[in-house]
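The next block is work-v9.txt, given as compact mmCIF, C-alpha atoms.
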```txt
# COMPACT_ATOMS: atom_id res chain seq x y z
CA MET Y 1 31.87 -17.56 4.84
CA LYS Y 2 29.99 -14.46 5.83
CA HIS Y 3 26.25 -14.87 6.19
CA ARG Y 4 24.44 -11.75 5.09
CA ARG Y 5 20.90 -10.80 5.44
CA ILE Y 6 18.05 -8.99 3.75
CA PRO Y 7 15.01 -7.13 5.25
CA THR Y 8 11.24 -7.30 4.75
CA ARG Y 9 8.45 -5.87 2.74
CA ARG Y 10 4.71 -5.92 2.14
CA ALA Y 11 3.21 -5.80 -1.30
CA ALA Y 12 0.76 -2.97 -0.66
CA ILE Y 13 0.94 0.10 1.52
CA ALA Y 14 -1.47 0.35 4.50
CA GLY Y 15 -4.59 -1.48 3.49
CA GLY Y 16 -3.81 -1.86 -0.19
CA ALA Y 17 -2.49 1.41 -1.62
CA VAL Y 18 0.00 0.76 -4.38
CA VAL Y 19 2.96 3.14 -4.59
CA ALA Y 20 5.15 3.49 -7.68
CA LEU Y 21 8.50 5.18 -8.20
CA LEU Y 22 8.98 6.65 -11.67
CA GLY Y 23 12.04 8.13 -13.34
CA VAL Y 24 12.68 10.99 -15.74
CA GLY Y 25 10.67 11.20 -18.94
CA VAL Y 26 7.59 9.29 -17.81
CA THR Y 27 4.25 10.57 -19.07
CA PHE Y 28 1.53 10.25 -16.46
CA GLN Y 29 -1.41 10.53 -18.84
CA THR Y 30 -3.26 7.29 -19.67
CA ALA Y 31 -6.31 6.50 -21.79
CA ASN Y 32 -8.66 6.46 -18.81
CA ALA Y 33 -7.02 9.03 -16.55
CA SER Y 34 -6.56 12.77 -16.33
CA GLU Y 35 -4.16 14.74 -14.16
CA GLU Y 36 -5.58 17.86 -12.53
CA ALA Y 37 -3.53 21.01 -11.94
CA PRO Y 38 -2.80 21.38 -8.23
CA ARG Y 39 -4.57 24.15 -6.35
CA THR Y 40 -2.04 24.13 -3.55
CA THR Y 41 1.70 23.65 -3.39
CA VAL Y 42 2.81 20.12 -4.14
CA LYS Y 43 5.36 18.99 -1.54
CA THR Y 44 8.86 17.93 -2.52
CA LEU Y 45 9.31 14.52 -0.87
CA SER Y 46 11.86 11.74 -0.54
CA ALA Y 47 10.66 8.27 -1.53
CA PRO Y 48 10.22 7.15 2.14
CA ALA Y 49 8.33 10.36 2.97
CA ALA Y 50 6.11 9.83 -0.06
CA ALA Y 51 5.36 6.27 1.06
CA SER Y 52 4.39 7.58 4.49
CA LEU Y 53 2.07 10.21 3.00
CA ALA Y 54 0.55 7.59 0.70
CA ALA Y 55 -0.25 5.38 3.68
CA THR Y 56 -1.88 8.29 5.52
CA LEU Y 57 -3.98 9.29 2.51
CA ASP Y 58 -4.98 5.68 1.82
CA THR Y 59 -6.49 5.50 5.30
CA SER Y 60 -8.24 8.88 5.15
CA LEU Y 61 -9.57 8.58 1.57
CA GLY Y 62 -10.97 5.06 2.01
CA ASP Y 63 -12.84 3.82 -1.09
CA ASP Y 64 -11.93 6.98 -3.02
CA ALA Y 65 -8.23 5.98 -3.08
CA ALA Y 66 -7.05 4.16 -6.21
CA GLY Y 67 -3.31 3.69 -5.62
CA ALA Y 68 -0.34 6.04 -5.74
CA TYR Y 69 3.15 6.32 -7.16
CA TYR Y 70 6.27 8.41 -6.64
CA ASP Y 71 7.53 10.70 -9.42
CA ALA Y 72 11.28 10.46 -8.80
CA ALA Y 73 12.11 13.27 -11.24
CA ALA Y 74 9.80 15.84 -9.64
CA LYS Y 75 10.01 14.26 -6.15
CA ASN Y 76 6.23 14.36 -5.82
CA LEU Y 77 3.67 11.80 -4.70
CA VAL Y 78 0.98 11.22 -7.34
CA VAL Y 79 -2.25 9.84 -5.87
CA ASN Y 80 -4.95 8.18 -7.97
CA VAL Y 81 -8.49 9.16 -6.93
CA VAL Y 82 -11.97 8.77 -8.41
CA ASP Y 83 -13.67 12.07 -7.51
CA GLU Y 84 -12.90 15.78 -7.03
CA GLY Y 85 -13.55 15.71 -3.29
CA ALA Y 86 -10.78 13.18 -2.81
CA ALA Y 87 -8.56 15.15 -5.22
CA ASP Y 88 -8.91 18.26 -3.05
CA ALA Y 89 -7.91 16.26 0.03
CA VAL Y 90 -4.81 15.01 -1.77
CA ARG Y 91 -3.80 18.53 -2.81
CA LYS Y 92 -4.29 19.92 0.69
CA ALA Y 93 -1.98 17.17 2.01
CA GLY Y 94 0.75 18.13 -0.48
CA GLY Y 95 0.25 15.38 -3.05
CA LYS Y 96 -0.54 15.61 -6.77
CA ALA Y 97 -4.08 14.35 -7.51
CA ARG Y 98 -4.81 12.24 -10.59
CA LEU Y 99 -8.37 11.29 -11.54
CA VAL Y 100 -8.67 7.70 -12.81
CA GLU Y 101 -11.46 5.38 -13.89
CA HIS Y 102 -10.95 2.31 -11.69
CA THR Y 103 -11.04 2.18 -7.90
CA LEU Y 104 -8.68 -0.06 -6.00
CA ALA Y 105 -11.70 -2.16 -5.03
CA GLU Y 106 -12.52 -2.71 -8.71
CA LEU Y 107 -8.96 -3.79 -9.46
CA THR Y 108 -9.02 -6.10 -6.45
CA GLY Y 109 -12.23 -7.59 -7.82
CA ALA Y 110 -10.49 -8.18 -11.14
CA ARG Y 111 -7.72 -10.04 -9.32
CA GLN Y 112 -10.31 -12.22 -7.59
CA THR Y 113 -11.86 -13.06 -10.97
CA LEU Y 114 -8.45 -14.11 -12.28
CA LYS Y 115 -7.86 -16.23 -9.19
CA SER Y 116 -11.20 -18.04 -9.49
CA ARG Y 117 -11.32 -18.42 -13.27
CA ALA Y 118 -7.75 -18.31 -14.59
CA THR Y 119 -5.34 -19.85 -12.08
CA ILE Y 120 -3.24 -21.41 -14.83
CA PRO Y 121 0.37 -22.61 -14.45
CA GLY Y 122 2.77 -20.11 -16.00
CA THR Y 123 0.75 -16.97 -15.25
CA SER Y 124 1.04 -14.01 -12.91
CA TRP Y 125 -0.87 -10.80 -12.21
CA ALA Y 126 -0.24 -7.58 -10.29
CA VAL Y 127 -1.82 -4.11 -9.97
CA ASP Y 128 -0.07 -1.37 -11.97
CA PRO Y 129 -0.97 2.06 -10.48
CA VAL Y 130 0.45 3.93 -13.48
CA SER Y 131 -1.90 2.34 -16.05
CA ASN Y 132 -4.67 1.88 -13.44
CA LYS Y 133 -5.00 -1.77 -14.52
CA VAL Y 134 -4.20 -5.31 -13.44
CA VAL Y 135 -1.34 -6.51 -15.65
CA VAL Y 136 -1.57 -10.25 -16.42
CA THR Y 137 1.55 -12.02 -17.73
CA ALA Y 138 1.69 -15.46 -19.37
CA ASP Y 139 4.96 -17.35 -19.87
CA ARG Y 140 5.88 -19.47 -22.91
CA THR Y 141 4.24 -22.61 -21.49
CA VAL Y 142 0.74 -21.12 -21.67
CA LYS Y 143 -0.61 -22.39 -24.99
CA GLY Y 144 -3.70 -23.76 -26.71
CA ALA Y 145 -6.80 -24.04 -24.56
CA ASN Y 146 -5.10 -22.44 -21.55
CA TRP Y 147 -4.12 -19.38 -23.59
CA GLU Y 148 -7.62 -19.08 -25.03
CA LYS Y 149 -9.14 -19.35 -21.55
CA LEU Y 150 -6.80 -16.73 -20.11
CA ASP Y 151 -7.37 -14.39 -23.05
CA GLN Y 152 -11.15 -14.63 -22.69
CA VAL Y 153 -11.08 -14.00 -18.93
CA VAL Y 154 -8.85 -10.93 -19.38
CA LYS Y 155 -11.04 -9.60 -22.21
CA GLY Y 156 -14.06 -10.07 -19.95
CA LEU Y 157 -12.47 -7.67 -17.44
CA GLY Y 158 -12.48 -4.91 -20.05
CA ALA Y 159 -10.28 -1.88 -19.37
CA LYS Y 160 -9.44 -3.12 -15.87
CA ALA Y 161 -6.86 -5.67 -17.13
CA GLU Y 162 -4.16 -6.10 -19.76
CA LEU Y 163 -2.59 -9.35 -21.01
CA ARG Y 164 1.13 -9.59 -21.77
CA ARG Y 165 3.45 -12.42 -22.83
CA THR Y 166 6.95 -13.23 -21.56
CA GLN Y 167 9.33 -15.52 -23.45
CA GLY Y 168 10.67 -17.20 -20.31
CA GLU Y 169 9.11 -19.77 -17.98
CA PHE Y 170 7.96 -19.03 -14.43
CA LYS Y 171 9.65 -21.39 -11.96
CA PRO Y 172 11.16 -21.33 -8.47
CA PHE Y 173 14.92 -20.73 -8.66
CA LEU Y 174 15.98 -23.76 -6.66
CA ALA Y 175 19.64 -24.85 -6.88
CA GLY Y 176 20.51 -19.11 -4.18
CA GLY Y 177 24.04 -13.52 -0.97
CA ASP Y 178 26.13 -16.68 0.12
CA ALA Y 179 25.46 -20.27 -0.88
CA ILE Y 180 23.70 -22.62 1.52
CA HIS Y 181 23.42 -26.36 0.93
CA SER Y 182 21.11 -29.16 1.97
CA GLY Y 183 20.25 -32.62 0.72
CA GLY Y 184 17.64 -31.04 -1.54
CA GLY Y 185 20.10 -28.79 -3.38
CA ARG Y 186 21.68 -25.33 -3.19
CA CYS Y 187 20.00 -22.02 -2.40
CA SER Y 188 21.12 -18.61 -1.16
CA LEU Y 189 20.99 -17.05 2.27
CA GLY Y 190 18.67 -14.06 2.46
CA PHE Y 191 19.20 -12.08 5.64
CA ASN Y 192 20.45 -12.75 9.12
CA VAL Y 193 17.75 -12.19 11.73
CA VAL Y 194 17.14 -12.59 15.45
CA LYS Y 195 14.26 -14.53 16.97
CA ASP Y 196 13.75 -14.90 20.73
CA GLY Y 197 17.25 -13.51 21.23
CA ALA Y 198 18.90 -16.25 19.13
CA PRO Y 199 20.59 -15.87 15.69
CA HIS Y 200 18.75 -17.23 12.63
CA PHE Y 201 18.64 -16.54 8.91
CA ILE Y 202 15.76 -16.37 6.43
CA THR Y 203 15.63 -17.85 2.92
CA ALA Y 204 13.01 -19.15 0.47
CA GLY Y 205 10.42 -21.65 1.69
CA HIS Y 206 10.64 -23.76 -1.48
CA CYS Y 207 14.32 -24.44 -0.71
CA GLY Y 208 13.57 -27.02 1.99
CA GLU Y 209 11.28 -28.45 4.64
CA THR Y 210 11.09 -27.91 8.38
CA GLY Y 211 13.74 -30.09 10.06
CA SER Y 212 16.21 -30.00 7.14
CA GLU Y 213 19.85 -29.22 7.99
CA TRP Y 214 21.90 -26.61 6.13
CA SER Y 215 25.64 -26.08 5.63
CA ASP Y 216 27.78 -23.36 4.06
CA SER Y 217 29.59 -25.80 1.73
CA GLN Y 218 28.73 -28.88 -0.33
CA GLY Y 219 28.83 -31.85 2.07
CA GLY Y 220 30.01 -29.63 4.95
CA ALA Y 221 28.98 -29.74 8.59
CA ALA Y 222 25.56 -28.35 9.39
CA ILE Y 223 25.48 -24.73 10.51
CA GLY Y 224 21.75 -24.66 11.20
CA THR Y 225 18.36 -26.37 11.07
CA MET Y 226 15.24 -25.11 9.29
CA VAL Y 227 12.67 -24.51 12.01
CA ASP Y 228 9.86 -23.13 9.82
CA SER Y 229 9.14 -23.35 6.08
CA GLN Y 230 6.13 -21.92 4.25
CA PHE Y 231 5.50 -22.77 0.59
CA PRO Y 232 3.29 -22.52 -1.46
CA GLY Y 233 1.01 -19.62 -0.52
CA ASN Y 234 4.05 -17.85 0.91
CA ASP Y 235 7.72 -18.47 0.10
CA PHE Y 236 9.91 -17.99 3.17
CA ALA Y 237 11.74 -20.14 5.70
CA LEU Y 238 13.65 -19.68 8.96
CA VAL Y 239 16.89 -21.47 9.83
CA LYS Y 240 18.29 -21.42 13.39
CA TYR Y 241 22.06 -21.24 13.63
CA ALA Y 242 23.94 -23.93 15.53
CA GLY Y 243 27.24 -23.24 17.27
CA ASP Y 244 29.11 -19.97 16.82
CA THR Y 245 28.81 -19.33 13.05
CA ALA Y 246 29.43 -15.66 12.25
CA HIS Y 247 26.20 -13.88 11.31
CA PRO Y 248 26.79 -10.20 10.43
CA SER Y 249 23.81 -8.14 9.31
CA GLU Y 250 25.08 -7.50 5.79
CA VAL Y 251 24.84 -8.70 2.19
CA ASN Y 252 27.73 -10.06 0.13
CA LEU Y 253 28.44 -7.80 -2.88
CA TYR Y 254 30.90 -10.31 -4.39
CA ASN Y 255 33.55 -7.65 -4.96
CA GLY Y 256 35.37 -7.95 -1.65
CA SER Y 257 32.89 -5.70 0.14
CA SER Y 258 29.45 -5.95 1.68
CA GLN Y 259 26.33 -3.84 2.24
CA ALA Y 260 25.28 -3.36 5.87
CA ILE Y 261 21.59 -4.07 6.50
CA THR Y 262 19.98 -2.11 9.32
CA LYS Y 263 16.25 -2.43 8.68
CA ALA Y 264 13.48 -3.96 6.61
CA ALA Y 265 11.43 -1.89 4.16
CA GLU Y 266 8.31 -2.12 2.03
CA ALA Y 267 8.79 -2.18 -1.75
CA THR Y 268 7.39 0.54 -4.00
CA VAL Y 269 6.87 0.30 -7.76
CA GLY Y 270 9.86 1.89 -9.47
CA MET Y 271 12.14 1.49 -6.43
CA LYS Y 272 15.76 0.84 -7.43
CA VAL Y 273 16.84 -2.49 -5.94
CA THR Y 274 19.83 -4.84 -5.90
CA ARG Y 275 19.82 -8.65 -5.71
CA SER Y 276 22.61 -10.86 -4.39
CA GLY Y 277 22.66 -14.62 -4.96
CA SER Y 278 25.15 -17.48 -5.06
CA THR Y 279 24.69 -18.34 -8.76
CA THR Y 280 24.70 -14.99 -10.55
CA GLN Y 281 26.02 -12.81 -7.70
CA VAL Y 282 24.92 -9.13 -7.83
CA HIS Y 283 22.43 -7.58 -10.27
CA GLU Y 284 20.34 -4.41 -10.21
CA GLY Y 285 16.94 -3.33 -11.48
CA GLU Y 286 13.66 -1.93 -10.24
CA VAL Y 287 10.34 -3.00 -8.78
CA THR Y 288 7.68 -3.28 -11.51
CA GLY Y 289 4.67 -4.61 -9.57
CA LEU Y 290 3.31 -5.31 -6.10
CA ASP Y 291 1.05 -7.92 -4.54
CA ALA Y 292 1.76 -10.23 -7.47
CA THR Y 293 0.25 -13.71 -7.73
CA VAL Y 294 2.45 -16.30 -9.48
CA ASN Y 295 1.30 -19.74 -10.65
CA TYR Y 296 4.49 -21.85 -10.80
CA GLY Y 297 2.61 -25.04 -11.71
CA SER Y 298 1.81 -28.32 -9.89
CA GLY Y 299 -0.47 -26.38 -7.54
CA GLN Y 300 2.38 -24.09 -6.45
CA VAL Y 301 0.62 -20.73 -6.25
CA VAL Y 302 2.30 -17.92 -4.29
CA GLU Y 303 0.57 -14.61 -3.54
CA GLY Y 304 1.68 -11.18 -2.35
CA LEU Y 305 5.03 -11.14 -4.18
CA ILE Y 306 7.18 -8.26 -5.42
CA GLN Y 307 7.61 -8.27 -9.21
CA THR Y 308 10.89 -6.90 -10.66
CA ASN Y 309 12.98 -6.75 -13.83
CA VAL Y 310 16.06 -7.97 -11.95
CA CYS Y 311 17.49 -11.18 -13.44
CA ALA Y 312 18.09 -14.41 -11.47
CA GLU Y 313 18.86 -18.08 -12.10
CA PRO Y 314 18.57 -21.46 -10.31
CA GLY Y 315 20.54 -21.36 -7.05
CA ASP Y 316 19.74 -17.68 -6.43
CA SER Y 317 16.56 -18.75 -4.56
CA GLY Y 318 16.26 -17.25 -1.10
CA GLY Y 319 18.89 -14.61 -1.83
CA SER Y 320 18.72 -10.97 -0.81
CA LEU Y 321 16.81 -8.16 -2.49
CA PHE Y 322 17.73 -4.84 -0.90
CA SER Y 323 17.69 -1.08 -1.40
CA GLY Y 324 20.57 0.67 0.33
CA ASP Y 325 20.68 -0.60 3.92
CA ALA Y 326 17.11 -1.87 3.81
CA ALA Y 327 16.13 -5.51 3.30
CA VAL Y 328 13.23 -5.75 0.84
CA GLY Y 329 12.73 -9.32 -0.44
CA LEU Y 330 13.77 -12.95 -0.72
CA THR Y 331 14.26 -14.42 -4.21
CA SER Y 332 11.36 -16.72 -5.07
CA GLY Y 333 11.32 -17.46 -8.81
CA GLY Y 334 10.61 -16.10 -12.25
CA SER Y 335 11.47 -16.46 -15.92
CA GLY Y 336 14.53 -15.87 -18.05
CA ASP Y 337 18.16 -15.65 -16.96
CA CYS Y 338 20.96 -13.12 -16.59
CA SER Y 339 21.88 -13.37 -20.28
CA SER Y 340 18.46 -12.71 -21.80
CA GLY Y 341 16.76 -11.02 -18.83
CA GLY Y 342 13.27 -11.71 -17.58
CA GLU Y 343 10.99 -11.21 -14.56
CA THR Y 344 11.89 -12.23 -11.02
CA PHE Y 345 9.50 -12.38 -8.05
CA PHE Y 346 10.43 -11.86 -4.40
CA GLN Y 347 8.81 -12.70 -1.09
CA PRO Y 348 8.45 -9.45 0.89
CA VAL Y 349 10.82 -9.50 3.87
CA THR Y 350 8.49 -7.47 6.08
CA GLU Y 351 5.77 -10.11 5.74
CA ALA Y 352 8.20 -12.94 6.48
CA LEU Y 353 9.56 -11.22 9.58
CA SER Y 354 6.08 -10.51 10.89
CA ALA Y 355 4.91 -14.09 10.37
CA LEU Y 356 8.09 -15.58 11.88
CA GLY Y 357 8.32 -13.17 14.83
CA ALA Y 358 11.88 -12.20 13.87
CA GLN Y 359 13.82 -8.95 13.39
CA ILE Y 360 16.73 -7.91 11.18
CA GLY Y 361 19.93 -8.20 13.17
```

Could you take the file, read its structure, and then write that structure out as structure tokens?
Amino acid sequence: MKHRRIPTRRAAIAGGAVVALLGVGVTFQTANASEEAPRTTVKTLSAPAAASLAATLDTSLGDDAAGAYYDAAAKNLVVNVVDEGAADAVRKAGGKARLVEHTLAELTGARQTLKSRATIPGTSWAVDPVSNKVVVTADRTVKGANWEKLDQVVKGLGAKAELRRTQGEFKPFLAGGDAIHSGGGRCSLGFNVVKDGAPHFITAGHCGETGSEWSDSQGGAAIGTMVDSQFPGNDFALVKYAGDTAHPSEVNLYNGSSQAITKAAEATVGMKVTRSGSTTQVHEGEVTGLDATVNYGSGQVVEGLIQTNVCAEPGDSGGSLFSGDAAVGLTSGGSGDCSSGGETFFQPVTEALSALGAQIG
């Protein structure tokens, strides 16, 4: 079996800017926003270059920044701001300025209100830079008093938040590139990494506990031991290889080929991504939210996740989310399946690598 790996990510760019990647036909106008005509030439940028410019502007604009997204059709960076002075700075830097109502600080405050007053099993929330709101999602288990409570809290946030319903049920996908097995069940390998010069791989933290042994077949000999596991709060784990198990830096595409992984990358809203897992193999989609909080139930709250419309099922946990040769996330959980669709959340790889002191390789 080939063990493939996936790189890292962080839910928000440099201090909290949210970047989105939008396709053809998207209208940028919203009820509380207006787009100003540029006074200088708007730069044509690749998605990575746009992310870099967004990070620079987020630092220089400070409290006047309100998130950003990438217009993939025009190849422009659109930056949300709250005053004309900041808009001029964006235009001079080559971005497209967009005046909006809510600052990033206000949206962060709305998230804190949700955390303190509406941490209910079966809910999630994430900042959407396109609508300039916090989008709150409730799964089918949120009913009765819990639904009423959630609805009232969201209504209390006014135009800063929007409540949506999903027909699935948020849960970790325990049962996950290539299959890995332990006494607790089956998951999927995320990405091969190096720590202190030794080969390891990363997967989901909810898959097992520190000290658990993992094999590449049901009942097979152990190929490694989990040396760190973080869940809830985060959802990542590190397994140290034993012996001479092959550990190429690639992801299984389940068609006789593989995708080489050379780096880890931050996610951006609208980014086209691919997921590989041992249950449902390879599926594609895009990033729909960043810095998402998910309440799986039984006190299992995970923060800072990537939200996507890529499908997944039990056993795909820990598997690779990637974009080209860049590792982006580790499959955490979600709702739905690969027949009906649904939302899937991913632990950013960049955050996991930083916390674990590991590198793609």

Any chance you could tabulate, as a tab-separated table, the residues of segment 148-242 of chain Y at most 6 Å from segment 285-305 of chain Y with each one's nearest atom pair and distance in Å to one decimal, using all atoms listed in the file, in chain and rising number order?
```
residue	atom	partner	partner_atom	distance
Y:Phe170	CA	Y:Tyr296	CA	5.8
Y:Lys171	CA	Y:Tyr296	CA	5.3
Y:Pro232	CA	Y:Gln300	CA	5.3
Y:Gly233	CA	Y:Val302	CA	4.3
Y:Asn234	CA	Y:Val302	CA	5.5
```

Legend entry - Polymer residues at most 8 Å from segment 313-328 of chain Y, only C-alpha atoms, same-chain spacing of 3 or more positions, as a ChimeraX atom specification: /Y:5-9,172-179,186-191,202-205,207,236,251,259-267,271-280,331-333,336-338,346,348-350

Store the residues picked out above, limited to C-alpha atoms, as a short mmCIF file (atom, residue, chain, number, x, y, z; two decimals), keeping the file's coordinate frame.
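Once written, selection29.cif looks like this:
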```
data_model
loop_
_atom_site.label_atom_id
_atom_site.label_comp_id
_atom_site.auth_asym_id
_atom_site.auth_seq_id
_atom_site.Cartn_x
_atom_site.Cartn_y
_atom_site.Cartn_z
CA ARG Y 5 20.90 -10.80 5.44
CA ILE Y 6 18.05 -8.99 3.75
CA PRO Y 7 15.01 -7.13 5.25
CA THR Y 8 11.24 -7.30 4.75
CA ARG Y 9 8.45 -5.87 2.74
CA PRO Y 172 11.16 -21.33 -8.47
CA PHE Y 173 14.92 -20.73 -8.66
CA LEU Y 174 15.98 -23.76 -6.66
CA ALA Y 175 19.64 -24.85 -6.88
CA GLY Y 176 20.51 -19.11 -4.18
CA GLY Y 177 24.04 -13.52 -0.97
CA ASP Y 178 26.13 -16.68 0.12
CA ALA Y 179 25.46 -20.27 -0.88
CA ARG Y 186 21.68 -25.33 -3.19
CA CYS Y 187 20.00 -22.02 -2.40
CA SER Y 188 21.12 -18.61 -1.16
CA LEU Y 189 20.99 -17.05 2.27
CA GLY Y 190 18.67 -14.06 2.46
CA PHE Y 191 19.20 -12.08 5.64
CA ILE Y 202 15.76 -16.37 6.43
CA THR Y 203 15.63 -17.85 2.92
CA ALA Y 204 13.01 -19.15 0.47
CA GLY Y 205 10.42 -21.65 1.69
CA CYS Y 207 14.32 -24.44 -0.71
CA PHE Y 236 9.91 -17.99 3.17
CA VAL Y 251 24.84 -8.70 2.19
CA GLN Y 259 26.33 -3.84 2.24
CA ALA Y 260 25.28 -3.36 5.87
CA ILE Y 261 21.59 -4.07 6.50
CA THR Y 262 19.98 -2.11 9.32
CA LYS Y 263 16.25 -2.43 8.68
CA ALA Y 264 13.48 -3.96 6.61
CA ALA Y 265 11.43 -1.89 4.16
CA GLU Y 266 8.31 -2.12 2.03
CA ALA Y 267 8.79 -2.18 -1.75
CA MET Y 271 12.14 1.49 -6.43
CA LYS Y 272 15.76 0.84 -7.43
CA VAL Y 273 16.84 -2.49 -5.94
CA THR Y 274 19.83 -4.84 -5.90
CA ARG Y 275 19.82 -8.65 -5.71
CA SER Y 276 22.61 -10.86 -4.39
CA GLY Y 277 22.66 -14.62 -4.96
CA SER Y 278 25.15 -17.48 -5.06
CA THR Y 279 24.69 -18.34 -8.76
CA THR Y 280 24.70 -14.99 -10.55
CA THR Y 331 14.26 -14.42 -4.21
CA SER Y 332 11.36 -16.72 -5.07
CA GLY Y 333 11.32 -17.46 -8.81
CA GLY Y 336 14.53 -15.87 -18.05
CA ASP Y 337 18.16 -15.65 -16.96
CA CYS Y 338 20.96 -13.12 -16.59
CA PHE Y 346 10.43 -11.86 -4.40
CA PRO Y 348 8.45 -9.45 0.89
CA VAL Y 349 10.82 -9.50 3.87
CA THR Y 350 8.49 -7.47 6.08
#
```

Legend entry - Contact residues around Asn146 of chain Y with all atoms listed in the file at 12 Å, ignoring same-chain residues under 2 positions, as a ChimeraX atom specification: /Y:117-123,138-144,148-153

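Nearest to Val269 of chain Y of all the residues Y:Ala93, Y:Val130, Y:Leu57, Y:Ala222 is Y:Val130, counting all atoms listed in the file.
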
Closest contacts (segment 125-230 of chain Y/segment 58-68 of chain Y, max 9 Å, all atoms listed in the file) as a tab-separated table:
```
residue	atom	partner	partner_atom	distance
Y:Asp128	CA	Y:Gly67	CA	8.7
Y:Pro129	CA	Y:Gly67	CA	5.6
Y:Val130	CA	Y:Ala68	CA	8.1
Y:Asn132	CA	Y:Ala66	CA	7.9
```

Output file for the residues above (C-alpha atoms, as a short mmCIF file (atom, residue, chain, number, x, y, z; two decimals), keeping the file's coordinate frame):
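Once written, selection_29.cif looks like this:
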```cif
data_model
loop_
_atom_site.label_atom_id
_atom_site.label_comp_id
_atom_site.auth_asym_id
_atom_site.auth_seq_id
_atom_site.Cartn_x
_atom_site.Cartn_y
_atom_site.Cartn_z
CA ASP Y 128 -0.07 -1.37 -11.97
CA PRO Y 129 -0.97 2.06 -10.48
CA VAL Y 130 0.45 3.93 -13.48
CA ASN Y 132 -4.67 1.88 -13.44
#
```

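With distances restricted to all atoms listed in the file, Y:Gly168 is the closest residue to Cys311 of chain Y from Y:Gly256, Y:Gly168, Y:Gly158, Y:Gly270.
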
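With atom CA of Glu284 of chain Y on one side and atom CA of Ser182 of chain Y on the other, the separation reads 27.6 Å.
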
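Shortest separation to His102 of chain Y among Y:Ala72, Y:Val42, Y:Val134, Y:Ser339 occurs at residue Y:Val134, atoms counted being only C-alpha atoms.
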